[in-house]
$ cat structure10.txt   # compact mmCIF, C-alpha atoms
# COMPACT_ATOMS: atom_id res chain seq x y z
CA ARG A 1 105.01 68.43 79.24
CA PHE A 2 106.83 68.60 75.95
CA THR A 3 110.62 68.55 75.89
CA ASP A 4 111.38 68.24 72.18
CA VAL A 5 111.53 71.77 70.77
CA ARG A 6 111.57 72.07 66.99
CA LEU A 7 112.12 75.36 65.19
CA HIS A 8 110.57 76.02 61.77
CA PRO A 9 112.33 79.08 60.33
CA ASP A 10 111.02 78.17 56.87
CA ARG A 11 107.47 78.96 58.04
CA LEU A 12 108.08 82.36 59.61
CA ASP A 13 107.30 84.39 56.50
CA GLN A 14 104.09 82.54 55.56
CA PRO A 15 101.73 85.19 57.03
CA LEU A 16 103.42 87.89 54.96
CA HIS A 17 102.00 86.27 51.82
CA TRP A 18 98.40 86.41 53.06
CA ARG A 19 96.52 89.29 51.48
CA LYS A 20 93.89 89.88 54.14
CA PRO A 21 94.79 90.69 57.77
CA ARG A 22 94.28 87.84 60.21
CA ARG A 23 94.56 87.19 63.94
CA ILE A 24 97.44 84.73 64.33
CA PHE A 25 98.05 82.60 67.42
CA VAL A 26 101.84 82.23 67.63
CA CYS A 27 103.04 78.78 68.75
CA SER A 28 99.49 77.73 69.64
CA MET A 29 100.66 74.20 70.56
CA SER A 30 103.96 75.23 72.16
CA ASP A 31 105.64 78.15 73.92
CA LEU A 32 107.72 80.80 72.15
CA PHE A 33 109.55 81.61 75.39
CA HIS A 34 110.50 78.02 76.22
CA GLU A 35 114.04 77.94 77.58
CA LYS A 36 115.17 75.84 74.61
CA VAL A 37 114.05 78.46 72.07
CA PRO A 38 117.11 80.67 71.38
CA ALA A 39 116.74 84.41 71.86
CA ASN A 40 117.86 85.03 68.27
CA TYR A 41 114.97 82.88 67.04
CA ILE A 42 112.52 84.83 69.19
CA ALA A 43 113.98 87.96 67.59
CA ARG A 44 113.26 86.50 64.13
CA VAL A 45 109.65 85.87 65.12
CA PHE A 46 109.27 89.48 66.25
CA ASN A 47 110.92 90.65 63.05
CA THR A 48 108.22 88.80 61.11
CA MET A 49 105.50 90.35 63.25
CA ALA A 50 107.05 93.77 62.62
CA SER A 51 107.13 93.01 58.88
CA ALA A 52 103.35 92.84 58.92
CA LEU A 53 103.39 96.56 59.75
CA LEU A 54 105.44 97.43 56.65
CA SER A 55 103.14 97.10 53.68
CA CYS A 56 105.55 97.75 50.80
CA ARG A 57 107.47 94.42 51.08
CA LYS A 58 110.36 95.93 49.10
CA ARG A 59 113.98 95.29 49.98
CA HIS A 60 115.17 98.80 50.71
CA ALA A 61 115.70 101.17 53.60
CA HIS A 62 112.09 101.55 54.68
CA ARG A 63 110.62 104.98 55.34
CA SER A 64 107.63 106.07 57.36
CA ASP A 65 105.42 105.96 54.26
CA CYS A 66 106.05 102.21 54.07
CA TYR A 67 104.19 101.88 57.39
CA GLU A 68 100.56 101.75 56.37
CA GLY A 69 97.75 99.33 55.72
CA GLU A 70 95.96 96.91 58.02
CA PRO A 71 98.48 94.49 59.63
CA HIS A 72 98.05 90.99 61.02
CA THR A 73 97.47 90.78 64.77
CA TYR A 74 99.69 88.31 66.59
CA LEU A 75 98.77 86.64 69.90
CA VAL A 76 101.67 85.31 71.97
CA LEU A 77 100.74 83.16 74.97
CA THR A 78 103.29 81.79 77.44
CA ARG A 79 103.71 80.09 80.78
CA ARG A 80 107.25 81.45 81.00
CA ALA A 81 106.34 85.01 81.87
CA GLU A 82 109.65 85.86 83.52
CA ARG A 83 111.65 85.03 80.39
CA MET A 84 109.19 86.97 78.26
CA GLN A 85 109.61 90.00 80.54
CA GLU A 86 113.40 89.69 80.50
CA ILE A 87 113.58 89.60 76.69
CA LEU A 88 110.87 92.11 75.77
CA THR A 89 111.58 94.78 78.37
CA HIS A 90 114.83 95.58 76.53
CA PRO A 91 113.94 95.38 72.81
CA ASP A 92 117.42 96.56 71.77
CA GLY A 93 118.48 93.00 72.51
CA LEU A 94 116.12 91.82 69.77
CA CYS A 95 117.26 94.46 67.29
CA LYS A 96 120.93 93.59 67.60
CA HIS A 97 120.29 90.57 65.37
CA PHE A 98 119.25 92.75 62.41
CA ALA A 99 120.56 95.48 60.19
CA GLY A 100 119.14 98.96 60.67
CA ASP A 101 116.76 98.73 57.71
CA SER A 102 115.22 95.42 58.76
CA ALA A 103 111.57 95.34 59.69
CA LEU A 104 111.89 95.26 63.48
CA PRO A 105 114.19 98.29 63.93
CA VAL A 106 112.18 100.29 61.38
CA ALA A 107 108.80 99.40 62.92
CA MET A 108 110.13 100.31 66.36
CA ASP A 109 111.42 103.61 65.03
CA VAL A 110 108.10 104.48 63.39
CA ALA A 111 105.51 102.82 65.63
CA GLY A 112 107.46 102.61 68.85
CA TRP A 113 107.66 99.77 71.34
CA PRO A 114 105.69 97.66 72.07
CA LEU A 115 104.64 96.70 68.56
CA PRO A 116 100.98 97.75 68.19
CA ASN A 117 99.95 94.50 66.45
CA VAL A 118 101.30 92.10 69.11
CA TRP A 119 99.18 90.95 72.06
CA LEU A 120 100.92 89.24 74.98
CA GLY A 121 99.29 86.78 77.36
CA VAL A 122 100.04 84.31 80.12
CA SER A 123 98.23 81.10 80.97
CA ALA A 124 97.25 80.15 84.51
CA GLU A 125 95.59 77.00 85.73
CA ASN A 126 95.26 77.99 89.39
CA GLN A 127 95.69 80.96 91.74
CA ARG A 128 99.35 80.30 92.40
CA ALA A 129 100.16 80.31 88.69
CA LEU A 130 98.24 83.56 88.16
CA ASP A 131 99.87 85.28 91.13
CA THR A 132 103.29 84.21 89.83
CA ARG A 133 102.87 85.04 86.14
CA TRP A 134 100.61 88.10 86.08
CA PRO A 135 103.16 90.53 87.62
CA SER A 136 105.65 89.70 84.85
CA LEU A 137 103.03 90.22 82.15
CA ARG A 138 101.84 93.44 83.80
CA ASP A 139 105.40 94.79 83.78
CA THR A 140 106.18 93.72 80.20
CA PRO A 141 105.62 96.34 77.47
CA ALA A 142 102.56 95.23 75.48
CA ALA A 143 99.95 96.83 73.25
CA VAL A 144 97.35 94.41 74.66
CA ARG A 145 97.63 92.01 77.60
CA PHE A 146 95.43 88.94 78.05
CA LEU A 147 94.98 85.95 80.34
CA SER A 148 94.21 82.37 79.42
CA LEU A 149 92.69 80.69 82.49
CA GLU A 150 92.51 77.17 81.18
CA PRO A 151 92.32 74.45 82.05
CA LEU A 152 90.88 75.77 85.31
CA LEU A 153 92.01 73.28 87.97
CA SER A 154 90.84 75.38 90.91
CA ALA A 155 89.02 78.63 91.60
CA ILE A 156 90.89 81.79 90.55
CA ASP A 157 90.35 85.31 91.89
CA ILE A 158 91.31 87.78 89.15
CA ARG A 159 90.60 90.91 91.21
CA PRO A 160 94.29 91.43 92.08
CA CYS A 161 94.94 91.76 88.33
CA LEU A 162 92.35 94.48 87.85
CA GLU A 163 93.78 97.16 90.11
CA GLN A 164 97.17 98.65 90.76
CA VAL A 165 98.43 101.52 92.88
CA VAL A 166 99.88 104.23 90.65
CA ASP A 167 101.99 107.12 91.93
CA THR A 168 100.45 110.53 91.22
CA ASP A 169 102.15 113.85 90.46
CA ASP A 170 101.46 115.21 93.96
CA GLY A 171 103.22 112.28 95.62
CA GLY A 172 100.05 110.43 96.54
CA ASN A 173 98.61 107.17 95.27
CA ASP A 174 95.81 106.51 92.82
CA LEU A 175 94.02 103.17 92.45
CA ARG A 176 93.48 102.56 88.75
CA SER A 177 92.27 99.69 86.63
CA VAL A 178 95.22 98.42 84.58
CA GLY A 179 94.16 94.82 84.19
CA PRO A 180 94.12 92.53 81.17
CA SER A 181 92.08 93.56 78.14
CA TRP A 182 90.90 90.04 77.45
CA ILE A 183 90.37 86.91 79.59
CA ILE A 184 89.86 83.41 78.23
CA ALA A 185 88.43 80.80 80.61
CA GLY A 186 87.76 77.10 80.14
CA GLY A 187 87.57 73.80 81.96
CA GLU A 188 89.67 70.72 81.41
CA SER A 189 88.75 68.60 78.39
CA GLY A 190 87.81 65.01 79.11
CA GLY A 191 88.12 63.32 82.48
CA PRO A 192 85.45 63.16 85.21
CA SER A 193 82.73 65.80 85.33
CA GLU A 194 83.88 67.11 88.72
CA ARG A 195 87.04 68.46 87.06
CA ALA A 196 84.95 70.91 85.00
CA LEU A 197 85.10 73.90 87.33
CA VAL A 198 83.39 76.44 85.10
CA GLU A 199 79.84 77.04 86.33
CA ARG A 200 77.08 79.22 84.93
CA CYS A 201 76.28 81.92 87.48
CA LEU A 202 73.30 83.63 85.82
$ encode --input "structure10.txt" --output "structure tokens"
Amino acid sequence: RFTDVRLHPDRLDQPLHWRKPRRIFVCSMSDLFHEKVPANYIARVFNTMASALLSCRKRHAHRSDCYEGEPHTYLVLTRRAERMQEILTHPDGLCKHFAGDSALPVAMDVAGWPLPNVWLGVSAENQRALDTRWPSLRDTPAAVRFLSLEPLLSAIDIRPCLEQVVDTDDGGNDLRSVGPSWIIAGGESGGPSERALVERCL
């Protein structure tokens, strides 16, 4: 476990200088929703991700015609699903850190919430972790949801993530597939061979 959280605000705008759209793994070696990461810094990260949607890059009150082009796609993976849900379910809390013509409020006004270029995921190493974290991810607004099941330390049944009872207009219930769009699975690196729990089934 890491305990020393370092923020790098000087690096936030780097992707905005890349000419071709990329898939960017946010905080790939850390956790954006760690309790030591301030909410206003998380807001700055989302403002950068929203900036990728505004192609003009000019400093002015952006209009809908500034929202065009192929944006970067950002992947945000966390173990702290409850904090992610708390912060992202009420995006006005993120916007309060910016003026009205900043990227995040404008992108939300034009594209809506959740941001269409941001994928949210949770990691789970065993069934208990998945059962704890998936409901928070499921209930967090997201354009795309994904799971990272690694390192797999025990067998995981993902079927509870694939179905959900949805209320219908006539007052009944409908069982629909609302599961994650993408699942990553992998065993633990190094260590004895018996810890590698991924087996080929075909």
$ closest_residue --input "structure10.txt" --among "A:Cys161, A:Leu88, A:Val118, A:Ile156" --to "A:Thr140" --atoms "only C-alpha atoms"
A:Leu88
$ residues_around --input "structure10.txt" --residues "stretch 16-26 of chain A" --least-positions-apart "5" --cutoff "8 Å" --atoms "only C-alpha atoms" --output "number ranges by chain"
A: 32, 48, 51-52, 70-77
$ closest_residue --input "structure10.txt" --among "A:Ser154, A:Arg80, A:Ala111, A:Ser102" --to "A:Pro135" --atoms "all atoms listed in the file"
A:Arg80
$ residues_around --input "structure10.txt" --residues "A:Leu94" --least-positions-apart "6" --cutoff "8 Å" --atoms "all atoms listed in the file" --output "VMD selection string"
chain A and resid 39 to 40 42 to 43 87 to 88
$ atom_distance --input "structure10.txt" --atom1 "atom CA of A:Ala143" --atom2 "atom CA of A:Glu188"
29.2 Å
$ closest_residue --input "structure10.txt" --among "A:Ser136, A:Gln14, A:Gln85, A:Gln127" --to "A:Arg159" --atoms "all atoms listed in the file"
A:Gln127
$ closest_residue --input "structure10.txt" --among "A:Ser181, A:Thr132, A:Ser30, A:Asn47" --to "A:Ala99" --atoms "all atoms listed in the file"
A:Asn47
$ residues_around --input "structure10.txt" --residues "A:Thr89" --least-positions-apart "3" --cutoff "12 Å" --atoms "only C-alpha atoms" --output "ChimeraX atom specification"
/A:81-86,92-94,113-114,136-142
$ closest_residue --input "structure10.txt" --among "A:Ile158, A:Cys95, A:Leu104, A:Val5" --to "A:Trp134" --atoms "only C-alpha atoms"
A:Ile158
$ atom_distance --input "structure10.txt" --atom1 "atom CA of A:Pro9" --atom2 "atom CA of A:Arg44"
8.4 Å
$ atom_distance --input "structure10.txt" --atom1 "atom CA of A:His34" --atom2 "atom CA of A:Arg128"
19.8 Å
$ decode --input "structure10.txt" --residues "stretch 95-107 of chain A" --atoms "all heavy atoms" --output "tab-separated table (two decimals), in the first residue's frame"
chain	number	residue	atom	x	y	z
A	95	CYS	N	-17.91	21.51	-10.60
A	95	CYS	CA	-17.97	22.76	-11.37
A	95	CYS	C	-17.79	23.99	-10.50
A	95	CYS	O	-17.40	25.05	-11.01
A	95	CYS	CB	-19.29	22.86	-12.11
A	95	CYS	SG	-19.42	21.73	-13.50
A	96	LYS	N	-18.04	23.88	-9.22
A	96	LYS	CA	-17.97	25.07	-8.37
A	96	LYS	C	-16.55	25.64	-8.29
A	96	LYS	O	-16.36	26.77	-7.87
A	96	LYS	CB	-18.47	24.75	-6.96
A	96	LYS	CG	-17.54	23.86	-6.15
A	96	LYS	CD	-18.10	23.58	-4.77
A	96	LYS	CE	-17.16	22.72	-3.94
A	96	LYS	NZ	-17.71	22.44	-2.60
A	97	HIS	N	-15.57	24.84	-8.72
A	97	HIS	CA	-14.18	25.29	-8.67
A	97	HIS	C	-13.79	26.09	-9.91
A	97	HIS	O	-12.65	26.55	-10.01
A	97	HIS	CB	-13.23	24.08	-8.54
A	97	HIS	CG	-13.47	23.28	-7.29
A	97	HIS	ND1	-13.07	23.70	-6.05
A	97	HIS	CD2	-14.09	22.08	-7.11
A	97	HIS	CE1	-13.42	22.79	-5.14
A	97	HIS	NE2	-14.03	21.80	-5.77
A	98	PHE	N	-14.72	26.27	-10.86
A	98	PHE	CA	-14.36	26.90	-12.13
A	98	PHE	C	-15.36	27.97	-12.51
A	98	PHE	O	-16.53	27.93	-12.12
A	98	PHE	CB	-14.29	25.85	-13.26
A	98	PHE	CG	-13.38	24.71	-12.96
A	98	PHE	CD1	-13.88	23.50	-12.55
A	98	PHE	CD2	-12.01	24.87	-13.05
A	98	PHE	CE1	-13.04	22.44	-12.26
A	98	PHE	CE2	-11.16	23.82	-12.76
A	98	PHE	CZ	-11.67	22.61	-12.36
A	99	ALA	N	-14.87	28.91	-13.31
A	99	ALA	CA	-15.76	29.92	-13.88
A	99	ALA	C	-16.66	29.28	-14.92
A	99	ALA	O	-16.37	28.20	-15.43
A	99	ALA	CB	-14.94	31.05	-14.51
A	100	GLY	N	-17.74	29.97	-15.28
A	100	GLY	CA	-18.73	29.39	-16.18
A	100	GLY	C	-18.21	29.05	-17.55
A	100	GLY	O	-18.77	28.18	-18.22
A	101	ASP	N	-17.16	29.73	-18.03
A	101	ASP	CA	-16.66	29.45	-19.37
A	101	ASP	C	-15.46	28.51	-19.35
A	101	ASP	O	-14.75	28.38	-20.34
A	101	ASP	CB	-16.33	30.73	-20.13
A	101	ASP	CG	-15.23	31.54	-19.44
A	101	ASP	OD1	-14.92	31.24	-18.28
A	101	ASP	OD2	-14.70	32.46	-20.08
A	102	SER	N	-15.20	27.86	-18.23
A	102	SER	CA	-14.14	26.86	-18.18
A	102	SER	C	-14.61	25.59	-18.88
A	102	SER	O	-15.80	25.41	-19.15
A	102	SER	CB	-13.76	26.54	-16.73
A	102	SER	OG	-13.19	27.68	-16.11
A	103	ALA	N	-13.67	24.72	-19.16
A	103	ALA	CA	-13.97	23.55	-19.99
A	103	ALA	C	-15.03	22.65	-19.39
A	103	ALA	O	-15.94	22.21	-20.08
A	103	ALA	CB	-12.68	22.77	-20.23
A	104	LEU	N	-14.94	22.36	-18.09
A	104	LEU	CA	-15.86	21.39	-17.50
A	104	LEU	C	-17.31	21.87	-17.54
A	104	LEU	O	-18.20	21.14	-18.02
A	104	LEU	CB	-15.44	21.05	-16.08
A	104	LEU	CG	-16.28	19.99	-15.36
A	104	LEU	CD1	-16.31	18.69	-16.14
A	104	LEU	CD2	-15.76	19.75	-13.95
A	105	PRO	N	-17.63	23.08	-17.08
A	105	PRO	CA	-19.03	23.53	-17.18
A	105	PRO	C	-19.53	23.59	-18.62
A	105	PRO	O	-20.69	23.25	-18.89
A	105	PRO	CB	-19.01	24.92	-16.53
A	105	PRO	CG	-17.80	24.92	-15.66
A	105	PRO	CD	-16.80	24.06	-16.37
A	106	VAL	N	-18.68	24.02	-19.54
A	106	VAL	CA	-19.11	24.12	-20.94
A	106	VAL	C	-19.37	22.74	-21.52
A	106	VAL	O	-20.38	22.50	-22.19
A	106	VAL	CB	-18.07	24.88	-21.78
A	106	VAL	CG1	-18.42	24.81	-23.26
A	106	VAL	CG2	-17.98	26.32	-21.33
A	107	ALA	N	-18.44	21.80	-21.29
A	107	ALA	CA	-18.60	20.44	-21.82
A	107	ALA	C	-19.85	19.78	-21.25
A	107	ALA	O	-20.58	19.09	-21.96
A	107	ALA	CB	-17.36	19.60	-21.51
